[in-house]
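Enquirer: Okay, so here is input_25.txt, and as you'll see once you scroll down, it has compact mmCIF, C-alpha atoms.
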# COMPACT_ATOMS: atom_id res chain seq x y z
CA MET F 56 96.31 179.71 153.43
CA PHE F 57 98.80 178.27 150.93
CA THR F 58 98.67 174.87 152.65
CA LEU F 59 94.92 174.88 152.58
CA LEU F 60 94.76 175.70 148.87
CA ARG F 61 97.33 173.00 148.08
CA ASN F 62 95.36 170.43 150.01
CA ALA F 63 92.18 171.54 148.31
CA ALA F 64 93.84 171.19 144.90
CA LEU F 65 95.10 167.73 145.74
CA CYS F 66 91.67 166.73 146.89
CA SER F 67 90.16 167.90 143.60
CA LEU F 68 92.82 165.98 141.57
CA TRP F 69 92.72 162.79 143.63
CA PRO F 70 89.79 161.13 141.81
CA LYS F 71 91.58 161.63 138.45
CA ILE F 72 94.91 160.32 139.82
CA ALA F 73 93.22 157.35 141.44
CA MET F 74 91.31 156.52 138.23
CA SER F 75 94.51 156.78 136.16
CA THR F 76 96.28 154.40 138.54
CA ILE F 77 93.39 151.93 138.39
CA ASN F 78 93.40 152.06 134.57
CA ARG F 79 97.13 151.38 134.44
CA ARG F 80 96.75 148.45 136.81
CA ALA F 81 93.85 147.11 134.78
CA LEU F 82 95.87 147.40 131.57
CA THR F 83 98.81 145.62 133.20
CA MET F 84 96.56 142.85 134.48
CA THR F 85 94.90 142.49 131.05
CA THR F 86 98.30 142.27 129.36
CA LYS F 87 99.45 139.65 131.83
CA LEU F 88 96.25 137.68 131.39
CA LEU F 89 96.61 137.83 127.60
CA LYS F 90 100.24 136.78 127.82
CA ASN F 91 99.36 133.94 130.14
CA THR F 92 96.63 132.88 127.75
CA LEU F 93 99.03 132.85 124.79
CA ASP F 94 101.69 130.98 126.76
CA GLU F 95 99.20 128.55 128.25
CA LYS F 96 99.63 124.99 127.11
CA ALA F 97 96.73 123.24 125.51
CA SER F 98 96.20 120.53 128.09
CA TYR F 99 94.22 118.21 125.84
CA PRO F 100 95.53 114.62 125.94
CA GLY F 101 95.89 114.47 122.15
CA ALA F 102 98.63 117.14 121.92
CA THR F 103 100.24 117.82 125.30
CA GLU F 104 103.05 120.03 123.97
CA SER F 105 100.83 122.48 122.09
CA TYR F 106 100.00 126.01 123.30
CA PHE F 107 97.21 128.46 122.64
CA THR F 108 97.51 131.29 120.14
CA THR F 109 95.19 133.93 118.67
CA GLU F 110 96.87 133.66 115.26
CA MET F 111 95.10 131.38 112.78
CA LYS F 112 97.80 129.83 110.62
CA PHE F 113 97.98 126.72 108.45
CA ILE F 114 101.42 125.10 108.62
CA GLN F 115 102.62 123.41 105.47
CA SER F 116 106.31 123.01 106.17
CA ILE F 117 109.09 123.53 108.67
CA ALA F 118 112.71 124.50 108.08
CA PRO F 119 114.52 121.82 105.99
CA ILE F 120 116.29 119.24 108.12
CA PRO F 121 120.09 119.61 107.69
CA THR F 122 122.31 116.79 106.42
CA TYR F 123 125.13 115.89 108.79
CA ARG F 124 128.52 115.18 107.28
CA VAL F 125 132.11 114.76 108.47
CA MET F 126 134.07 114.72 105.19
CA ASP F 127 133.68 116.81 102.07
CA LEU F 128 133.62 115.27 98.59
CA HIS F 129 137.42 115.07 98.60
CA GLY F 130 137.70 113.14 101.85
CA LYS F 131 138.77 116.19 103.89
CA VAL F 132 137.41 116.44 107.42
CA ILE F 133 135.41 119.66 107.76
CA ASP F 134 135.31 119.92 111.56
CA PRO F 135 138.18 118.09 113.35
CA THR F 136 135.99 117.56 116.42
CA GLN F 137 133.74 115.30 114.34
CA GLU F 138 136.51 113.02 113.09
CA PRO F 139 136.18 109.64 114.84
CA GLN F 140 139.18 108.51 116.81
CA VAL F 141 139.65 105.06 115.35
CA SER F 142 142.63 102.83 114.67
CA LYS F 143 144.18 102.20 111.28
CA GLU F 144 143.06 98.56 111.42
CA PHE F 145 139.47 99.59 112.13
CA ALA F 146 139.32 102.05 109.24
CA VAL F 147 141.10 99.80 106.76
CA LYS F 148 138.73 96.91 107.51
CA ILE F 149 135.75 99.10 106.59
CA TYR F 150 137.46 100.16 103.37
CA LYS F 151 138.42 96.61 102.41
CA ASP F 152 134.85 95.46 102.97
CA MET F 153 133.61 98.27 100.71
CA ILE F 154 135.96 97.14 97.93
CA THR F 155 135.10 93.46 98.47
CA LEU F 156 131.39 94.22 98.23
CA ASN F 157 131.93 96.22 95.05
CA ILE F 158 133.92 93.44 93.36
CA MET F 159 131.52 90.72 94.50
CA ASP F 160 128.62 92.75 93.12
CA PHE F 161 130.28 93.05 89.74
CA ILE F 162 131.02 89.33 89.43
CA LEU F 163 127.60 88.13 90.60
CA TYR F 164 125.76 90.68 88.46
CA GLU F 165 127.59 89.42 85.41
CA ALA F 166 126.93 85.82 86.47
CA GLN F 167 123.20 86.52 86.46
CA ARG F 168 123.45 88.07 83.02
CA GLN F 169 125.10 84.84 81.86
CA GLY F 170 122.24 82.78 83.30
CA ARG F 171 124.35 81.17 86.02
CA ILE F 172 122.24 82.52 88.90
CA SER F 173 118.62 83.64 88.73
CA PHE F 174 118.66 87.09 90.33
CA TYR F 175 120.92 89.70 91.89
CA MET F 176 120.98 93.21 93.37
CA THR F 177 124.07 95.39 93.64
CA ASN F 178 125.12 98.09 96.10
CA TYR F 179 126.89 100.45 93.67
CA GLY F 180 127.12 103.97 95.03
CA GLU F 181 125.79 103.07 98.49
CA GLU F 182 128.72 101.18 100.02
CA ALA F 183 129.23 103.75 102.81
CA TYR F 184 126.39 102.16 104.80
CA ILE F 185 129.02 99.67 106.01
CA GLY F 186 129.93 102.46 108.43
CA SER F 187 126.65 101.74 110.24
CA ALA F 188 127.63 98.10 110.71
CA ALA F 189 130.92 99.22 112.25
CA ALA F 190 129.04 101.30 114.83
CA LEU F 191 126.91 98.43 116.12
CA ASP F 192 127.57 95.69 118.64
CA SER F 193 127.76 92.17 117.21
CA GLN F 194 124.79 91.18 119.40
CA ASP F 195 122.55 93.90 117.97
CA VAL F 196 119.97 92.23 115.75
CA ILE F 197 119.67 93.23 112.09
CA TYR F 198 116.45 93.38 110.10
CA GLY F 199 117.50 94.07 106.53
CA GLN F 200 115.69 94.83 103.30
CA TYR F 201 117.84 93.48 100.46
CA ARG F 202 120.73 95.87 99.93
CA GLU F 203 122.59 95.16 103.17
CA SER F 204 125.12 92.55 102.04
CA GLY F 205 127.86 94.82 103.35
CA VAL F 206 126.52 94.56 106.91
CA LEU F 207 126.79 90.78 106.77
CA LEU F 208 130.23 91.03 105.18
CA TYR F 209 131.42 93.27 108.00
CA ARG F 210 130.09 90.82 110.60
CA GLY F 211 131.94 87.87 109.11
CA PHE F 212 129.65 86.29 106.52
CA THR F 213 132.15 84.56 104.25
CA LEU F 214 132.43 84.73 100.49
CA ASP F 215 131.49 81.04 100.45
CA ASN F 216 128.33 81.90 102.42
CA PHE F 217 127.35 84.52 99.86
CA MET F 218 128.01 82.29 96.87
CA ASN F 219 126.29 79.25 98.35
CA GLN F 220 123.16 81.29 99.01
CA CYS F 221 123.08 82.80 95.53
CA TYR F 222 123.46 79.32 94.01
CA SER F 223 120.99 77.69 96.46
CA ASN F 224 123.33 74.74 96.81
CA GLU F 225 123.72 72.05 99.46
CA ASN F 226 125.87 74.33 101.65
CA ASP F 227 123.41 77.21 101.59
CA ILE F 228 122.45 78.10 105.17
CA GLY F 229 118.88 78.66 103.97
CA LYS F 230 118.79 75.23 102.27
CA GLY F 231 117.89 76.70 98.89
CA ARG F 232 114.53 78.04 99.98
CA GLN F 233 115.16 81.70 99.19
CA MET F 234 115.88 83.82 96.13
CA PRO F 235 119.50 84.94 95.66
CA ILE F 236 120.63 87.80 97.98
CA HIS F 237 117.94 86.92 100.55
CA TYR F 238 120.58 86.20 103.14
CA GLY F 239 120.18 85.33 106.80
CA SER F 240 122.43 84.19 109.64
CA LYS F 241 121.39 83.23 113.15
CA GLU F 242 125.05 83.17 114.18
CA LEU F 243 125.56 86.77 113.05
CA ASN F 244 122.19 88.03 114.38
CA PHE F 245 120.93 88.85 110.90
CA GLN F 246 117.27 87.99 110.30
CA THR F 247 116.55 86.37 106.94
CA ILE F 248 115.58 88.90 104.29
CA SER F 249 112.00 88.84 103.04
CA SER F 250 110.94 90.04 99.58
CA PRO F 251 107.67 91.82 100.46
CA VAL F 252 108.45 95.49 100.97
CA ALA F 253 108.49 96.91 104.52
CA THR F 254 107.51 93.73 106.41
CA GLN F 255 110.72 93.97 108.45
CA LEU F 256 109.71 97.35 109.93
CA PRO F 257 106.92 96.29 112.33
CA GLN F 258 108.84 93.10 113.05
CA ALA F 259 111.78 95.24 114.15
CA SER F 260 109.60 97.28 116.51
CA GLY F 261 108.19 94.13 118.09
CA ALA F 262 111.62 92.54 118.43
CA ALA F 263 112.96 95.75 120.00
CA TYR F 264 110.16 95.76 122.57
CA ALA F 265 110.95 92.14 123.46
CA LEU F 266 114.63 93.04 123.69
CA LYS F 267 113.81 95.87 126.10
CA ARG F 268 111.76 93.56 128.30
CA SER F 269 114.59 91.03 128.37
CA GLY F 270 116.88 93.64 129.93
CA LYS F 271 119.66 93.14 127.37
CA LYS F 272 121.83 96.15 126.52
CA ASN F 273 121.36 95.84 122.78
CA CYS F 274 119.20 97.32 120.07
CA ILE F 275 117.54 96.40 116.79
CA MET F 276 118.82 97.87 113.53
CA CYS F 277 116.23 97.98 110.76
CA TYR F 278 117.28 98.92 107.21
CA PHE F 279 114.84 99.99 104.52
CA GLY F 280 114.61 102.20 101.45
CA GLU F 281 112.60 105.39 101.07
CA GLY F 282 110.13 103.49 98.89
CA ALA F 283 109.27 101.25 101.86
CA ALA F 284 108.32 104.38 103.80
CA SER F 285 105.29 104.67 101.51
CA GLU F 286 103.92 101.43 102.95
CA GLY F 287 101.53 101.37 105.89
CA ASP F 288 103.92 99.07 107.78
CA PHE F 289 106.37 101.97 108.05
CA HIS F 290 103.90 104.15 109.93
CA SER F 291 102.73 101.35 112.20
CA ALA F 292 106.33 100.49 113.06
CA LEU F 293 107.34 104.03 113.96
CA ASN F 294 104.22 104.64 116.00
CA VAL F 295 104.66 101.44 117.99
CA ALA F 296 108.36 102.12 118.55
CA ALA F 297 107.68 105.67 119.74
CA THR F 298 104.78 104.89 122.09
CA MET F 299 106.39 101.74 123.52
CA LYS F 300 109.87 103.29 123.74
CA CYS F 301 111.54 100.51 121.79
CA PRO F 302 115.35 100.37 121.38
CA VAL F 303 115.37 100.35 117.57
CA ILE F 304 117.21 102.31 114.88
CA PHE F 305 115.32 102.78 111.63
CA PHE F 306 118.00 103.25 108.96
CA CYS F 307 116.51 104.64 105.76
CA ARG F 308 118.62 104.40 102.60
CA ASN F 309 117.17 107.27 100.60
CA ASN F 310 118.81 106.55 97.25
CA GLY F 311 116.43 108.53 95.08
CA PHE F 312 114.37 105.73 93.56
CA ALA F 313 111.76 103.19 94.64
CA ILE F 314 112.59 100.80 91.80
CA SER F 315 111.58 103.18 88.97
CA THR F 316 109.69 105.84 90.93
CA PRO F 317 111.81 108.92 91.72
CA THR F 318 111.46 110.60 95.10
CA LEU F 319 109.75 113.63 93.58
CA GLU F 320 106.83 111.35 92.71
CA GLN F 321 106.89 109.47 96.02
CA TYR F 322 106.38 112.32 98.47
CA LYS F 323 106.15 116.09 98.76
CA GLY F 324 107.50 116.64 102.27
CA ASP F 325 111.07 116.99 103.50
CA GLY F 326 112.28 113.46 102.82
CA ILE F 327 111.70 110.66 105.27
CA ALA F 328 113.35 112.31 108.29
CA SER F 329 110.46 114.74 108.78
CA ARG F 330 108.16 111.79 109.40
CA GLY F 331 110.24 110.67 112.36
CA ILE F 332 109.76 114.06 114.00
CA GLY F 333 106.03 113.73 113.40
CA TYR F 334 106.03 110.51 115.42
CA GLY F 335 108.09 112.04 118.23
CA ILE F 336 111.19 110.03 117.36
CA ASP F 337 114.78 111.28 117.61
CA THR F 338 115.74 111.93 114.01
CA ILE F 339 118.88 112.73 112.05
CA ARG F 340 119.71 113.06 108.36
CA VAL F 341 123.22 112.21 107.20
CA ASP F 342 125.36 112.26 104.09
CA GLY F 343 125.00 108.60 103.13
CA ASN F 344 128.16 108.66 100.99
CA ASP F 345 130.27 109.76 103.97
CA VAL F 346 131.39 106.69 105.91
CA TRP F 347 132.23 108.64 109.04
CA ALA F 348 128.97 110.59 109.07
CA VAL F 349 127.09 107.29 108.87
CA TYR F 350 129.34 105.77 111.55
CA ASN F 351 129.07 108.70 113.99
CA ALA F 352 125.31 109.03 113.63
CA THR F 353 124.71 105.29 114.06
CA LYS F 354 126.96 105.16 117.10
CA ALA F 355 125.09 108.06 118.75
CA ALA F 356 121.74 106.56 117.75
CA ARG F 357 122.68 103.26 119.31
CA GLN F 358 123.55 104.99 122.58
CA LEU F 359 120.12 106.64 122.69
CA SER F 360 118.37 103.37 121.91
CA VAL F 361 120.27 101.17 124.34
CA GLU F 362 120.70 103.53 127.28
CA GLU F 363 117.44 105.48 127.10
CA HIS F 364 115.14 103.13 125.15
CA ARG F 365 114.53 105.80 122.52
CA PRO F 366 113.86 104.81 118.91
CA VAL F 367 115.83 106.71 116.29
CA LEU F 368 115.17 107.41 112.61
CA LEU F 369 118.35 107.87 110.59
CA GLU F 370 117.91 109.00 106.98
CA SER F 371 120.99 108.29 104.88
CA MET F 372 121.03 110.39 101.70
CA THR F 373 122.70 108.69 98.75
CA TYR F 374 122.20 107.85 95.07
CA ARG F 375 121.51 104.44 93.54
CA VAL F 376 124.05 104.17 90.74
CA SER F 377 122.99 100.64 89.83
CA HIS F 378 119.79 99.35 88.30
CA HIS F 379 117.30 98.36 90.98
CA SER F 380 118.04 94.70 90.29
CA THR F 381 118.80 92.38 87.39
CA SER F 382 115.08 92.56 86.61
CA ASP F 383 115.32 96.30 85.98
CA ASP F 384 116.67 98.60 83.26
CA SER F 385 116.97 101.98 84.96
CA PHE F 386 117.79 103.75 81.70
CA ALA F 387 114.12 103.42 80.84
CA TYR F 388 113.36 106.10 83.46
CA ARG F 389 116.63 108.04 83.88
CA SER F 390 119.44 109.05 81.58
CA LYS F 391 122.90 107.52 81.42
CA LYS F 392 124.23 111.06 81.69
CA GLU F 393 122.60 111.44 85.11
CA VAL F 394 124.16 108.20 86.37
CA GLU F 395 127.60 109.14 85.05
CA TYR F 396 127.29 112.54 86.71
CA TRP F 397 126.75 110.92 90.10
CA LYS F 398 129.57 108.44 89.55
CA GLN F 399 131.96 111.32 88.97
CA LEU F 400 130.49 113.63 91.60
CA ASP F 401 130.54 111.46 94.68
CA ASN F 402 131.80 107.89 94.91
CA PRO F 403 131.80 106.82 98.59
CA ILE F 404 134.69 104.39 98.04
CA VAL F 405 136.86 107.07 96.41
CA ARG F 406 135.99 109.60 99.12
CA PHE F 407 136.98 107.22 101.90
CA ARG F 408 140.15 106.18 100.08
CA LYS F 409 141.26 109.82 99.92
CA TRP F 410 140.76 110.10 103.69
CA LEU F 411 142.87 106.98 104.27
CA GLU F 412 145.61 108.23 101.95
CA ASP F 413 145.74 111.58 103.75
CA LYS F 414 146.37 109.58 106.93
CA ASN F 415 149.09 107.56 105.16
CA TRP F 416 147.08 104.46 105.99
CA TRP F 417 146.60 103.36 102.36
CA SER F 418 148.57 103.53 99.14
CA GLU F 419 148.26 102.87 95.41
CA HIS F 420 150.28 99.68 95.79
CA GLU F 421 148.00 98.40 98.57
CA GLU F 422 144.96 99.29 96.46
CA ASN F 423 146.10 97.32 93.44
CA SER F 424 147.34 94.40 95.50
CA PHE F 425 144.13 94.04 97.50
CA ARG F 426 141.85 94.38 94.49
CA THR F 427 143.76 91.65 92.67
CA SER F 428 143.77 89.26 95.61
CA ILE F 429 140.16 89.76 96.65
CA ARG F 430 138.96 89.31 93.07
CA LYS F 431 140.70 85.92 93.03
CA GLU F 432 139.05 84.98 96.32
CA VAL F 433 135.60 85.97 95.06
CA LEU F 434 136.07 84.00 91.82
CA ASN F 435 137.34 80.99 93.74
CA ALA F 436 134.29 80.99 96.04
CA PHE F 437 132.06 81.49 93.00
CA SER F 438 133.61 78.52 91.21
CA LYS F 439 133.28 76.21 94.21
CA ALA F 440 129.64 77.13 94.81
CA GLU F 441 128.73 76.53 91.19
CA LYS F 442 129.98 72.94 91.33
CA LEU F 443 128.05 71.89 94.43
CA LEU F 444 124.80 69.90 94.35
CA LYS F 445 121.42 71.34 95.20
CA PRO F 446 120.06 70.63 98.72
CA SER F 447 118.31 67.37 99.45
CA ILE F 448 114.75 67.22 98.14
CA THR F 449 113.60 66.27 101.63
CA ASP F 450 114.41 69.81 102.76
CA LEU F 451 111.18 70.81 101.05
CA PHE F 452 109.37 69.26 103.99
CA ASN F 453 111.70 69.89 106.92
CA ASP F 454 112.16 72.64 109.54
CA VAL F 455 108.55 73.78 109.78
CA TYR F 456 107.08 71.25 112.20
CA ASP F 457 108.79 69.31 114.96
CA HIS F 458 106.64 66.34 113.99
CA PRO F 459 105.24 66.62 110.44
CA PRO F 460 101.42 66.58 110.31
CA GLN F 461 99.59 64.14 108.06
CA ASN F 462 99.15 66.59 105.15
CA ILE F 463 102.93 67.11 104.93
CA ILE F 464 103.51 63.34 105.08
CA ASP F 465 100.96 62.90 102.28
CA GLN F 466 102.64 65.56 100.12
CA ARG F 467 106.02 63.94 100.60
CA GLN F 468 104.65 60.55 99.58
CA LYS F 469 102.94 62.05 96.54
CA LEU F 470 106.21 63.61 95.36
CA LYS F 471 108.00 60.29 95.80
CA THR F 472 105.35 58.55 93.70
CA LEU F 473 105.63 61.16 90.93
CA ILE F 474 109.41 60.85 90.83
CA GLU F 475 109.20 57.06 90.57
CA ARG F 476 106.59 57.30 87.80
CA TYR F 477 108.31 60.06 85.78
CA PRO F 478 112.05 59.83 86.59
CA GLU F 479 113.03 61.54 83.31
CA ASN F 480 111.40 64.77 84.53
CA TYR F 481 113.36 64.92 87.77
CA PRO F 482 117.17 65.45 87.45
CA LEU F 483 117.91 63.77 90.79
CA LYS F 484 121.65 63.60 90.09
CA ASN F 485 121.76 67.37 90.68
CA PHE F 486 120.45 67.01 94.22
CA LYS F 487 122.13 65.83 97.39
CA ASN F 488 121.29 62.16 98.09
CA GLU F 489 119.58 61.98 94.66
CA GLY F 490 116.16 61.77 96.29
CA LYS F 491 116.96 58.47 98.03
CA ASP F 492 116.09 59.96 101.45
CA LEU F 493 112.52 60.85 100.50
In structure tokens, what does this structure look like?

Expert:
Amino acid sequence: MFTLLRNAALCSLWPKIAMSTINRRALTMTTKLLKNTLDEKASYPGATESYFTTEMKFIQSIAPIPTYRVMDLHGKVIDPTQEPQVSKEFAVKIYKDMITLNIMDFILYEAQRQGRISFYMTNYGEEAYIGSAAALDSQDVIYGQYRESGVLLYRGFTLDNFMNQCYSNENDIGKGRQMPIHYGSKELNFQTISSPVATQLPQASGAAYALKRSGKKNCIMCYFGEGAASEGDFHSALNVAATMKCPVIFFCRNNGFAISTPTLEQYKGDGIASRGIGYGIDTIRVDGNDVWAVYNATKAARQLSVEEHRPVLLESMTYRVSHHSTSDDSFAYRSKKEVEYWKQLDNPIVRFRKWLEDKNWWSEHEENSFRTSIRKEVLNAFSKAEKLLKPSITDLFNDVYDHPPQNIIDQRQKLKTLIERYPENYPLKNFKNEGKDL
């Protein structure tokens, strides 16, 4: 009787138990379906890494990109694992080049102020970028902007080369056709600098693609300032490099000013580095006054570019102590107090010197001795360049065509006629060959 009642009770409860089980299963399946929907990638070709969500949210910013550094402001290594294992000779060469650049800048800036050369741009406060030159291979091709004299100096461009170019004399590699500081050297794989802002960026992407197709284990290094990142060429260059997987490093010197425009008026986002992420490019931000941070980041970036054909954007944070150029008076848009503050706060040369002294690789005596000797060398090269003649007038018509077309021949003949008719207006004695080879 008991068994019968129990069975009867179970039979009466079974529909409720079964329904409860079904409901639980349905809830579980619904939860799984919802989870799968939320985790499901949006398979549209325009954004293959996106996923679906039921939350409507406008995204204005992401977490600020950190700034990588190796040394603190006093030249002390923060994390020993990040200190590069380099020789004394290697480190001292970088430091000597930083001092040489600083002294050369001072002398040539003053020369322009005296009217002895027409134009100049200094590197004050940004000398640590020489660390990037030390991380590259000599066969890597450089596309510079106009504040990369230190890269050429590191690669072996002589003081005579610098002075001859700034004076546009007969020994100038560019044959006097460029403004001062618009250097170039085929031998040192340094493309001639061009004045228009940002033109080197798309050129660098194209050159990097050609380099990849050639099979060479090298990369392109392209330097530019944060002001150039406001040009359309910047965006075209990064997009091409990303989609074509070009072995190129975009090195942005973010020094706080695009001539007179401060960064706060140039952009609202998180510097220039955030734009690299937007284009799907490997990106890093570094302390641009820390030689070893610049060196380490460039070395790692080069490895990505050469071995994996991945473009890299490296944003080097620094401060432009100098005026933009000899055509600029920066105190019209910033205070002298601000500049002095930065000079005292963080001088890249002083920071690196402290690191060398802690290693017992540099001393006060060596400092004074080198500064005295290199200043003499710079002044000697300066003096020699100033005495040389200007290039031959015929160089106005050479090196464009293998065989000059008729219009070039006509122009050359017209100039010769004018010189013969008005010799007093043409100081031929200042030019090589005195115009006799026209």

Enquirer: Using only C-alpha atoms, which residue out of F:Gly311, F:Pro459, F:Pro139, F:Pro100 lies closest to F:Gly343?

Expert: F:Gly311

Enquirer: With a distance cut-off of 12 Å and all atoms listed in the file, select the neighbouring residues of F:Leu411, excluding the residue or stretch itself and same-chain residues fewer than 2 positions from it, and output the selection as number ranges by chain.

Expert: F: 126, 129-132, 141-151, 346-347, 404-409, 413-419, 421-422

Enquirer: Please, which residues in stretch 257-285 of chain F fall within 8 Å of stretch 306-310 of chain F when counting all atoms listed in the file, and what is the closest atom pair and distance in Å to one decimal for each, ordered by chain then residue number, as CSV?

Expert:
residue,atom,partner,partner_atom,distance
F:Met276,CA,F:Phe306,CA,7.1
F:Cys277,CA,F:Phe306,CA,5.8
F:Tyr278,CA,F:Phe306,CA,4.7
F:Phe279,CA,F:Cys307,CA,5.1
F:Gly280,CA,F:Arg308,CA,4.7
F:Glu281,CA,F:Asn309,CA,5.0

Enquirer: Quick one: of F:Gly229, F:Ile236, F:Asn273, F:Asp152, who's nearest to F:Val196, counting only C-alpha atoms?

Expert: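 Going through F:Gly229, F:Ile236, F:Asn273, F:Asp152 one by one, the smallest distance to F:Val196 is for F:Asn273.
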
Enquirer: Please identify all polymer residues within 9 Å of F:Ala356, counting all atoms listed in the file, omitting same-chain residues fewer than 2 positions from it, and present them as a list of chain:residue names.

Expert: F:Val303, F:Ile304, F:Asp337, F:Thr338, F:Ile339, F:Asn351, F:Ala352, F:Thr353, F:Lys354, F:Gln358, F:Leu359, F:Ser360, F:Val361, F:Arg365, F:Pro366, F:Val367, F:Leu368, F:Leu369

Enquirer: Using only C-alpha atoms, please write the residues we just selected to a file, as a PDB file, in the coordinates of the input.

Expert:
ATOM      1  CA  VAL F 303     115.370 100.350 117.570  1.00  0.00           C
ATOM      2  CA  ILE F 304     117.210 102.310 114.880  1.00  0.00           C
ATOM      3  CA  ASP F 337     114.780 111.280 117.610  1.00  0.00           C
ATOM      4  CA  THR F 338     115.740 111.930 114.010  1.00  0.00           C
ATOM      5  CA  ILE F 339     118.880 112.730 112.050  1.00  0.00           C
ATOM      6  CA  ASN F 351     129.070 108.700 113.990  1.00  0.00           C
ATOM      7  CA  ALA F 352     125.310 109.030 113.630  1.00  0.00           C
ATOM      8  CA  THR F 353     124.710 105.290 114.060  1.00  0.00           C
ATOM      9  CA  LYS F 354     126.960 105.160 117.100  1.00  0.00           C
ATOM     10  CA  GLN F 358     123.550 104.990 122.580  1.00  0.00           C
ATOM     11  CA  LEU F 359     120.120 106.640 122.690  1.00  0.00           C
ATOM     12  CA  SER F 360     118.370 103.370 121.910  1.00  0.00           C
ATOM     13  CA  VAL F 361     120.270 101.170 124.340  1.00  0.00           C
ATOM     14  CA  ARG F 365     114.530 105.800 122.520  1.00  0.00           C
ATOM     15  CA  PRO F 366     113.860 104.810 118.910  1.00  0.00           C
ATOM     16  CA  VAL F 367     115.830 106.710 116.290  1.00  0.00           C
ATOM     17  CA  LEU F 368     115.170 107.410 112.610  1.00  0.00           C
ATOM     18  CA  LEU F 369     118.350 107.870 110.590  1.00  0.00           C
TER      19      LEU F 369
END

Enquirer: Restricting the calculation to all atoms listed in the file, which member of F:Asn488, F:Gln466, F:Thr318, F:Gln194 is positioned closest to F:Phe452?

Expert: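 Under the stated criterion, the closest residue is F:Gln466.
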
Enquirer: Please provide the set of residues having any atom within 12 Å of F:Ala166, restricted to all atoms listed in the file, with same-chain residues fewer than 5 positions apart removed, written as a ChimeraX atom specification.

Expert: /F:159-161,171-176,218,221-222,235,381,434,437-438,441

Enquirer: Report, in Å with one decimal, the straight-line distance from atom CA of F:Gly261 to atom CA of F:Arg232.

Expert: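 For atom CA of F:Gly261 relative to atom CA of F:Arg232, the distance reads 25.0 Å.
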
Enquirer: Which neighbours of F:Lys271 fall inside 12 Å, counting all atoms listed in the file, when residues of the same chain fewer than 2 positions from it are skipped, and could you give them as a list in words?

Expert: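 Using all atoms listed in the file, the neighbours found are Gln194, Asp195, Val196, Ala263, Tyr264, Ala265, Leu266, Lys267, Arg268, Ser269, Asn273, Cys274, Ile275, Pro302, Ser360, Val361, Glu362 and His364 of chain F.
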
Enquirer: Give me, as a Markdown table, each residue of stretch 220-314 of chain F that comes within 12 Å of stretch 385-391 of chain F, together with its shortest interatomic pair and the distance in Å at one decimal, counting only C-alpha atoms, with rows ordered by chain and rising residue number.

Expert:
| residue | atom | partner | partner_atom | distance |
| --- | --- | --- | --- | --- |
| F:Gly311 | CA | F:Arg389 | CA | 11.2 |
| F:Phe312 | CA | F:Ser385 | CA | 9.7 |
| F:Ala313 | CA | F:Ser385 | CA | 11.1 |
| F:Ile314 | CA | F:Ser385 | CA | 8.2 |

Enquirer: Could you jot down the atom CA of F:Gln468 to atom CA of F:Leu493 separation for me, Å, one decimal place?

Expert: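 Straight-line distance from atom CA of F:Gln468 to atom CA of F:Leu493 works out to 7.9 Å.
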
Enquirer: Choose the residue, out of F:Val125, F:Thr316, F:Tyr164, F:Lys491, that has the smallest atom-to-atom separation from F:Trp410; count only C-alpha atoms.

Expert: F:Val125

Enquirer: Nearest to F:Thr177 among F:Asp383, F:Glu242, F:Glu104, F:Asp192, with distances taken over all atoms listed in the file: which residue is it?

Expert: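 That would be F:Asp383, the residue with the smallest distance to F:Thr177.
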
Enquirer: For a quick check of understanding, using all atoms listed in the file, which of F:Ser250, F:Tyr334, F:Thr213, F:Lys230 has the smallest distance to F:Ala102?

Expert: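 Checking each of F:Ser250, F:Tyr334, F:Thr213, F:Lys230 against F:Ala102, counting all atoms listed in the file, the winner is F:Tyr334.
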
Enquirer: Mind checking which residues fall within 12 Å of stretch 470-479 of chain F, counting only C-alpha atoms, ignoring those fewer than 6 positions away in the same chain, and posting them as a list in words?

Expert: Ile448, Thr449, Leu451, Phe452, Ile463, Ile464, Glu489, Gly490, Lys491, Asp492 and Leu493 of chain F

Enquirer: Could you jot down the atom CA of F:Gly326 to atom CA of F:Met299 separation for me, Å, one decimal place?

Expert: 24.5 Å

Enquirer: Once you count all atoms listed in the file, which residues end up no further than 10 Å from (127.3, 117.5, 106.7) in the file's frame, shown as a PyMOL selection string?

Expert: chain F and resi 121-127+133-134+340-343+345+348
